[in-house]
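Containing compact mmCIF, C-alpha atoms: model36.txt.
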# COMPACT_ATOMS: atom_id res chain seq x y z
CA MET A 4 0.00 0.00 0.00
CA LYS A 5 1.15 3.50 -0.77
CA PHE A 6 0.65 5.62 2.34
CA ILE A 7 1.62 9.29 2.59
CA LYS A 8 2.51 9.34 6.27
CA SER A 9 4.10 12.80 6.48
CA TYR A 10 6.76 11.30 8.70
CA HIS A 11 9.30 13.55 6.96
CA TYR A 12 7.95 16.32 9.21
CA LEU A 13 9.03 14.33 12.24
CA ILE A 14 12.46 13.50 10.85
CA ALA A 15 13.06 17.11 9.81
CA ALA A 16 12.09 18.37 13.24
CA LEU A 17 14.46 15.95 14.94
CA LEU A 18 17.32 16.94 12.64
CA VAL A 19 16.74 20.60 13.39
CA LEU A 20 17.04 19.94 17.10
CA SER A 21 20.45 18.35 16.55
CA THR A 22 21.81 21.10 14.27
CA VAL A 23 23.02 24.59 15.21
CA SER A 24 23.35 27.14 12.40
CA CYS A 25 23.34 30.86 11.70
CA GLN A 26 20.24 32.20 10.03
CA LYS A 27 19.73 35.32 7.95
CA VAL A 28 16.31 36.62 6.99
CA ILE A 29 15.96 37.23 3.25
CA ASN A 30 12.88 38.99 1.90
CA VAL A 31 12.00 37.98 -1.65
CA ASN A 32 10.13 40.43 -3.84
CA LEU A 33 7.37 38.23 -5.28
CA LYS A 34 5.06 39.41 -8.03
CA GLU A 35 1.36 39.51 -7.31
CA THR A 36 -0.76 37.05 -9.29
CA ASP A 37 -4.40 37.01 -10.31
CA LYS A 38 -6.51 35.69 -7.48
CA LYS A 39 -8.59 32.56 -7.98
CA LEU A 40 -11.60 31.10 -6.26
CA VAL A 41 -10.82 28.28 -3.82
CA ILE A 42 -13.56 25.68 -3.27
CA ASP A 43 -13.45 23.27 -0.32
CA ALA A 44 -16.54 21.09 -0.73
CA VAL A 45 -17.57 17.92 1.08
CA LEU A 46 -20.66 15.74 1.07
CA THR A 47 -20.71 12.80 3.50
CA ASP A 48 -22.97 9.87 4.29
CA GLN A 49 -24.12 11.58 7.50
CA LYS A 50 -26.46 14.49 8.15
CA GLY A 51 -24.59 17.70 8.77
CA GLY A 52 -21.74 16.63 6.51
CA CYS A 53 -22.59 18.76 3.49
CA VAL A 54 -20.36 21.84 3.70
CA VAL A 55 -18.93 24.05 0.95
CA LYS A 56 -16.40 26.76 1.80
CA LEU A 57 -15.52 29.49 -0.69
CA SER A 58 -12.45 31.66 -0.36
CA GLN A 59 -9.78 33.26 -2.53
CA THR A 60 -6.08 32.68 -3.06
CA LYS A 61 -3.77 35.01 -1.16
CA GLU A 62 -0.37 36.47 -1.76
CA PHE A 63 2.68 34.69 -0.33
CA TYR A 64 3.12 36.98 2.67
CA ASP A 65 -0.59 37.23 3.55
CA ASP A 66 -1.84 35.51 6.69
CA ASN A 67 -3.35 32.05 6.27
CA SER A 68 -6.70 32.82 7.92
CA PHE A 69 -9.94 31.88 6.18
CA THR A 70 -11.70 34.81 4.51
CA GLY A 71 -14.94 33.57 3.03
CA ILE A 72 -16.66 34.78 -0.13
CA SER A 73 -20.37 35.54 0.08
CA GLY A 74 -23.07 35.85 -2.54
CA ALA A 75 -22.63 32.56 -4.41
CA GLN A 76 -25.34 30.14 -5.50
CA VAL A 77 -24.26 26.65 -4.44
CA THR A 78 -26.20 23.53 -5.41
CA ILE A 79 -25.82 19.74 -5.22
CA SER A 80 -27.42 17.51 -7.86
CA SER A 81 -27.37 13.86 -8.89
CA ASN A 82 -28.14 12.48 -12.34
CA GLY A 83 -29.35 15.93 -13.37
CA GLN A 84 -31.82 16.18 -10.47
CA LEU A 85 -31.41 19.09 -8.07
CA LEU A 86 -31.07 17.81 -4.51
CA SER A 87 -30.26 20.96 -2.57
CA THR A 88 -29.52 24.67 -2.75
CA LEU A 89 -27.14 25.29 0.12
CA HIS A 90 -27.60 28.16 2.57
CA GLU A 91 -24.82 30.52 3.62
CA THR A 92 -24.57 30.25 7.41
CA SER A 93 -21.49 32.45 7.81
CA GLN A 94 -19.27 34.37 5.41
CA GLY A 95 -18.21 31.96 2.67
CA VAL A 96 -19.63 28.84 4.37
CA TYR A 97 -22.58 27.12 2.66
CA VAL A 98 -24.34 24.13 4.22
CA ASP A 99 -27.29 21.77 4.09
CA SER A 100 -27.69 20.21 7.51
CA ASP A 101 -30.08 17.51 6.27
CA LEU A 102 -28.54 16.33 3.00
CA LYS A 103 -26.47 13.16 3.08
CA GLY A 104 -25.05 11.01 0.28
CA ASN A 105 -25.53 7.38 -0.71
CA TYR A 106 -22.79 4.87 -1.49
CA GLY A 107 -21.97 4.35 -5.15
CA LYS A 108 -23.83 7.47 -6.26
CA ALA A 109 -22.31 10.34 -8.27
CA TYR A 110 -22.97 13.92 -7.18
CA GLU A 111 -22.52 17.19 -9.03
CA LEU A 112 -21.48 20.42 -7.35
CA SER A 113 -22.33 23.75 -8.95
CA VAL A 114 -21.06 27.13 -7.78
CA VAL A 115 -22.16 30.31 -9.56
CA LEU A 116 -20.38 33.48 -8.46
CA ASN A 117 -20.25 36.87 -10.18
CA GLY A 118 -21.59 35.39 -13.39
CA LYS A 119 -19.01 32.60 -13.51
CA SER A 120 -19.83 28.89 -13.15
CA TYR A 121 -17.72 26.23 -11.44
CA THR A 122 -18.63 22.53 -11.44
CA ALA A 123 -17.29 19.24 -10.10
CA VAL A 124 -18.39 15.60 -9.90
CA SER A 125 -17.56 13.10 -7.16
CA THR A 126 -18.77 9.55 -6.50
CA MET A 127 -19.24 8.37 -2.92
CA PRO A 128 -17.38 5.06 -2.40
CA TYR A 129 -18.98 2.05 -0.76
CA LEU A 130 -18.20 1.75 2.94
CA VAL A 131 -15.19 -0.34 3.98
CA PRO A 132 -15.50 -1.11 7.71
CA PHE A 133 -12.99 0.64 9.96
CA ASP A 134 -12.01 -2.40 11.99
CA SER A 135 -9.92 -0.92 14.79
CA ALA A 136 -7.15 1.41 15.88
CA TYR A 137 -4.48 1.33 18.55
CA ALA A 138 -1.62 3.49 19.84
CA GLU A 139 1.92 2.38 20.58
CA THR A 140 5.29 3.94 21.40
CA GLN A 141 8.15 3.98 18.91
CA SER A 142 11.74 5.13 19.34
CA PHE A 143 13.50 7.68 17.09
CA PHE A 144 17.10 8.75 17.81
CA GLY A 145 16.78 7.55 21.39
CA ASN A 146 13.51 9.44 22.03
CA ASN A 147 10.12 7.79 22.45
CA TYR A 148 7.02 8.95 20.59
CA THR A 149 3.47 7.60 20.53
CA PHE A 150 1.56 7.16 17.29
CA ALA A 151 -1.80 5.72 16.33
CA THR A 152 -2.28 2.90 13.83
CA VAL A 153 -5.43 2.12 11.83
CA MET A 154 -6.49 -1.37 10.76
CA LEU A 155 -8.96 -2.49 8.11
CA GLN A 156 -9.72 -5.27 5.64
CA ASP A 157 -9.52 -4.03 2.06
CA PRO A 158 -12.10 -5.53 -0.34
CA VAL A 159 -10.78 -7.61 -3.24
CA ASP A 160 -10.94 -6.43 -6.89
CA THR A 161 -12.12 -2.94 -5.93
CA GLN A 162 -10.04 0.21 -6.03
CA ASN A 163 -10.23 1.89 -2.64
CA ASN A 164 -8.78 5.16 -1.43
CA TYR A 165 -8.78 6.50 2.10
CA ARG A 166 -7.90 9.61 4.06
CA CYS A 167 -7.39 9.86 7.82
CA ILE A 168 -7.84 12.93 10.01
CA GLN A 169 -6.44 12.72 13.54
CA TYR A 170 -7.20 14.70 16.70
CA VAL A 171 -5.33 14.58 20.01
CA ASN A 172 -7.42 15.81 22.95
CA GLY A 173 -9.68 17.58 20.48
CA LYS A 174 -6.88 19.35 18.58
CA ARG A 175 -6.27 18.30 15.00
CA THR A 176 -2.74 17.19 14.19
CA LYS A 177 -0.97 18.29 11.04
CA GLY A 178 -0.06 15.74 8.41
CA ASN A 179 -1.65 14.42 5.25
CA PHE A 180 -2.67 10.81 5.86
CA ILE A 181 -3.86 9.22 2.63
CA LEU A 182 -3.90 5.56 1.62
CA ASP A 183 -4.68 3.47 -1.43
CA ASP A 184 -4.74 -0.27 -2.13
CA ASP A 185 -2.63 -0.36 -5.29
CA TYR A 186 -0.32 -2.95 -3.73
CA SER A 187 -2.59 -4.46 -1.08
CA ASP A 188 -5.89 -5.12 -2.83
CA GLY A 189 -8.02 -7.53 -0.82
CA LYS A 190 -5.57 -7.67 2.07
CA ARG A 191 -5.78 -6.74 5.73
CA PHE A 192 -3.38 -3.96 6.56
CA GLU A 193 -2.20 -1.62 9.28
CA SER A 194 -1.01 1.93 8.69
CA THR A 195 0.61 4.20 11.26
CA LEU A 196 -0.26 7.90 11.36
CA TYR A 197 3.12 9.57 11.73
CA PHE A 198 3.04 13.30 12.41
CA ASP A 199 5.27 16.06 13.73
CA GLN A 200 4.61 16.07 17.45
CA ASN A 201 6.03 19.57 17.73
CA ASP A 202 2.76 20.80 16.23
CA VAL A 203 0.92 19.75 19.37
CA ASP A 204 2.03 18.35 22.67
CA SER A 205 3.44 14.86 22.24
CA ILE A 206 0.90 12.12 22.83
CA LYS A 207 1.06 11.07 26.46
CA SER A 208 -0.47 8.24 28.40
CA GLY A 209 -4.18 8.85 28.91
CA ASP A 210 -4.55 11.24 25.97
CA GLU A 211 -7.65 10.83 23.80
CA ILE A 212 -6.93 10.12 20.13
CA ARG A 213 -9.75 10.46 17.64
CA ILE A 214 -9.32 9.16 14.10
CA ASP A 215 -11.74 9.90 11.25
CA LEU A 216 -11.39 7.42 8.38
CA LEU A 217 -12.76 8.84 5.13
CA GLY A 218 -13.55 6.73 2.08
CA ILE A 219 -12.72 8.95 -0.91
CA ASP A 220 -12.87 8.54 -4.69
CA ARG A 221 -9.77 8.54 -6.90
CA PRO A 222 -9.91 12.21 -7.98
CA THR A 223 -10.03 13.27 -4.33
CA TYR A 224 -7.11 10.98 -3.55
CA GLN A 225 -5.15 12.54 -6.42
CA TYR A 226 -5.90 16.01 -5.05
CA TRP A 227 -4.49 15.16 -1.61
CA PHE A 228 -1.57 13.20 -3.07
CA SER A 229 -0.56 16.15 -5.25
CA PHE A 230 -1.15 18.48 -2.29
CA GLU A 231 1.38 16.47 -0.28
CA GLN A 232 3.87 16.36 -3.15
CA SER A 233 3.61 20.10 -3.66
CA ALA A 234 4.03 20.88 0.02
CA SER A 235 7.09 18.64 0.40
CA GLY A 236 8.71 19.38 -2.97
CA GLY A 237 8.24 15.76 -3.98
CA GLN A 238 8.54 14.14 -7.38
CA GLY A 239 11.93 15.76 -7.98
CA SER A 240 10.82 19.36 -7.61
CA ALA A 241 11.27 21.74 -4.70
CA ALA A 242 8.97 24.35 -6.24
CA PRO A 243 5.41 24.47 -4.88
CA ALA A 244 2.53 23.95 -7.31
CA ASN A 245 -1.24 23.87 -7.13
CA PRO A 246 -2.75 20.44 -6.34
CA VAL A 247 -4.63 18.56 -9.04
CA SER A 248 -8.26 19.70 -8.82
CA ASN A 249 -11.48 17.99 -9.94
CA ILE A 250 -13.20 21.37 -10.29
CA LYS A 251 -13.92 22.81 -13.74
CA GLY A 252 -13.97 26.56 -14.29
CA ASP A 253 -10.48 27.80 -13.40
CA ALA A 254 -10.85 27.41 -9.64
CA LEU A 255 -8.68 25.66 -7.07
CA GLY A 256 -9.74 23.11 -4.45
CA TYR A 257 -11.82 19.94 -4.57
CA PHE A 258 -15.24 18.38 -4.17
CA SER A 259 -15.42 15.08 -2.29
CA ALA A 260 -18.44 12.83 -1.79
CA GLN A 261 -17.07 10.65 0.99
CA ASN A 262 -18.10 8.23 3.67
CA THR A 263 -16.79 8.70 7.19
CA GLN A 264 -16.17 6.52 10.24
CA THR A 265 -14.62 7.40 13.60
CA LYS A 266 -12.64 5.56 16.24
CA ILE A 267 -11.62 6.99 19.62
CA ILE A 268 -8.80 5.38 21.57
CA ILE A 269 -6.83 6.23 24.71
CA ALA A 270 -3.05 6.27 24.59
CA PRO A 271 -1.60 3.57 26.86
Kindly return the structure encoded in the file as structure tokens.
Amino acid sequence: MKFIKSYHYLIAALLVLSTVSCQKVINVNLKETDKKLVIDAVLTDQKGGCVVKLSQTKEFYDDNSFTGISGAQVTISSNGQLLSTLHETSQGVYVDSDLKGNYGKAYELSVVLNGKSYTAVSTMPYLVPFDSAYAETQSFFGNNYTFATVMLQDPVDTQNNYRCIQYVNGKRTKGNFILDDDYSDGKRFESTLYFDQNDVDSIKSGDEIRIDLLGIDRPTYQYWFSFEQSASGGQGSAAPANPVSNIKGDALGYFSAQNTQTKIIIAP
């Protein structure tokens, strides 16, 4: 299985701790670029899981806070039938608290803003049971760290893609945890969620670890895979690039019809 664990964050952090160097701040004069719409859209198999966030790209030195865009018409359809017109509940956040998706069904997102139309299609995968999760301590360079591991049985002869989101004591950890079954189709597997524990307090005994396992379609997987490669300078390039998007209309972001399951464990 290919699994983007983001453990390079951990290794990099440990190397920094063992290296002393002089640093000089260099300000680079970057040209401003045309701003684009950013769409972060999710439909899940649970009520309350239909949320579309609209924002705009920012310049390099701008803060990374979310600034929503109002005034859009946002709809979800399936097979040409309108299912919902989402309501804007706060600036740039559009929701339908009752709409939920069905497994194996394709959904179409439409966003109309300032006379421009943006569309995307995503198919909700069938549910693969999230068997279990556990936490254990591992040693790196003589230091002990605790990480969670997820376990599931992958169905045979079916392409499956997954994404994990992890919280420690209610705070989300950084790291892009995506999995596919290209090399483990039909097998039972375990995957450890490595993350930089400098982002939050290291996991300690008694801490609550929550793991959301998301079943995602291939275009969504490709978005997050390219997101990880861009952030880490992977695939032989250190230059950042925009992730591969499934949205048509010259916008950035993604639309994912996904199923979701949750496990909560306590660190030993």
Rows by chain and residue number, region 48-115 of chain A within 12 Å of region 218-236 of chain A, shortest pair, all atoms listed in the file, as a Markdown table:
| residue | atom | partner | partner_atom | distance |
| --- | --- | --- | --- | --- |
| A:Asp48 | CA | A:Gly218 | CA | 10.2 |
| A:Tyr106 | CA | A:Gly218 | CA | 10.1 |
| A:Gly107 | CA | A:Asp220 | CA | 10.0 |
| A:Lys108 | CA | A:Asp220 | CA | 11.1 |
| A:Ala109 | CA | A:Asp220 | CA | 10.3 |
| A:Tyr110 | CA | A:Asp220 | CA | 11.7 |
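Residue nearest Thr140 (chain A), chosen from A:Ile206, A:Ile214, A:Leu89, A:Ala260 and counting only C-alpha atoms: A:Ile206.
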| field | Nearby residues, (-4.7, 11.1, 8.4) file frame, 7 Å, only C-alpha atoms, as a PyMOL selection string | value | chain A and resi 166-169+178-181+196
Keeping only C-alpha atoms, write those residues as a PDB file, keeping the file's coordinate frame.
ATOM      1  CA  ARG A 166      -7.900   9.610   4.060  1.00  0.00           C
ATOM      2  CA  CYS A 167      -7.390   9.860   7.820  1.00  0.00           C
ATOM      3  CA  ILE A 168      -7.840  12.930  10.010  1.00  0.00           C
ATOM      4  CA  GLN A 169      -6.440  12.720  13.540  1.00  0.00           C
ATOM      5  CA  GLY A 178      -0.060  15.740   8.410  1.00  0.00           C
ATOM      6  CA  ASN A 179      -1.650  14.420   5.250  1.00  0.00           C
ATOM      7  CA  PHE A 180      -2.670  10.810   5.860  1.00  0.00           C
ATOM      8  CA  ILE A 181      -3.860   9.220   2.630  1.00  0.00           C
ATOM      9  CA  LEU A 196      -0.260   7.900  11.360  1.00  0.00           C
TER      10      LEU A 196
END
| Could you state the separation of CA of Gly83 (chain A) and CA of Glu111 (chain A) in Å, given to one decimal place? | 8.2 Å
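Picture a line from CA of Asp43 (chain A) to CA of Tyr197 (chain A); it runs 24.6 Å.
Among the candidates A:Ile42, A:Asn82, A:Gln141, A:Leu155, the residue lying nearest to Thr126 (chain A) is A:Asn82 (atoms considered: all atoms listed in the file).
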| query | Suppose you want the space between CA of Ser208 (chain A) and CA of Pro132 (chain A); what is it in Å? | reply | 27.2 Å
| Pick from A:Val77, A:Lys50, A:Arg175, A:Asn105 nearest to Tyr121 (chain A), counting only C-alpha atoms | A:Val77
To box region 46-62 of chain A, take all atoms listed in the file, fit an axis-aligned box, add 3 Å on each side, and give centre and edge lengths in Å to one decimal, as JSON.
{"center_x": -13.4, "center_y": 23.2, "center_z": 2.9, "size_x": 32.1, "size_y": 32.6, "size_z": 17.8}
| Which of these, A:Ser80, A:Ser194, A:Ser135, A:Ser113, has the shortest distance to Thr265 (chain A) once you count all atoms listed in the file? | A:Ser135
| A:Thr263, A:Thr195, A:Gln162, A:Thr70 ranked by distance to Glu139 (chain A), top pick (using all atoms listed in the file) |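 Nearest to Glu139 (chain A): A:Thr195.
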| request: Can you pull out every residue within 10 Å of Ser187 (chain A), counting only C-alpha atoms, but drop anything in the same chain fewer than 3 positions away, and send it as a count of residues only? | output: 11
| request: Can you work out which one of A:Gln49, A:Gln94, A:Thr122, A:Thr149 has the shortest atom-to-atom distance to Phe258 (chain A), counting only C-alpha atoms? | output: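 Closest residue, counting only C-alpha atoms: A:Thr122.
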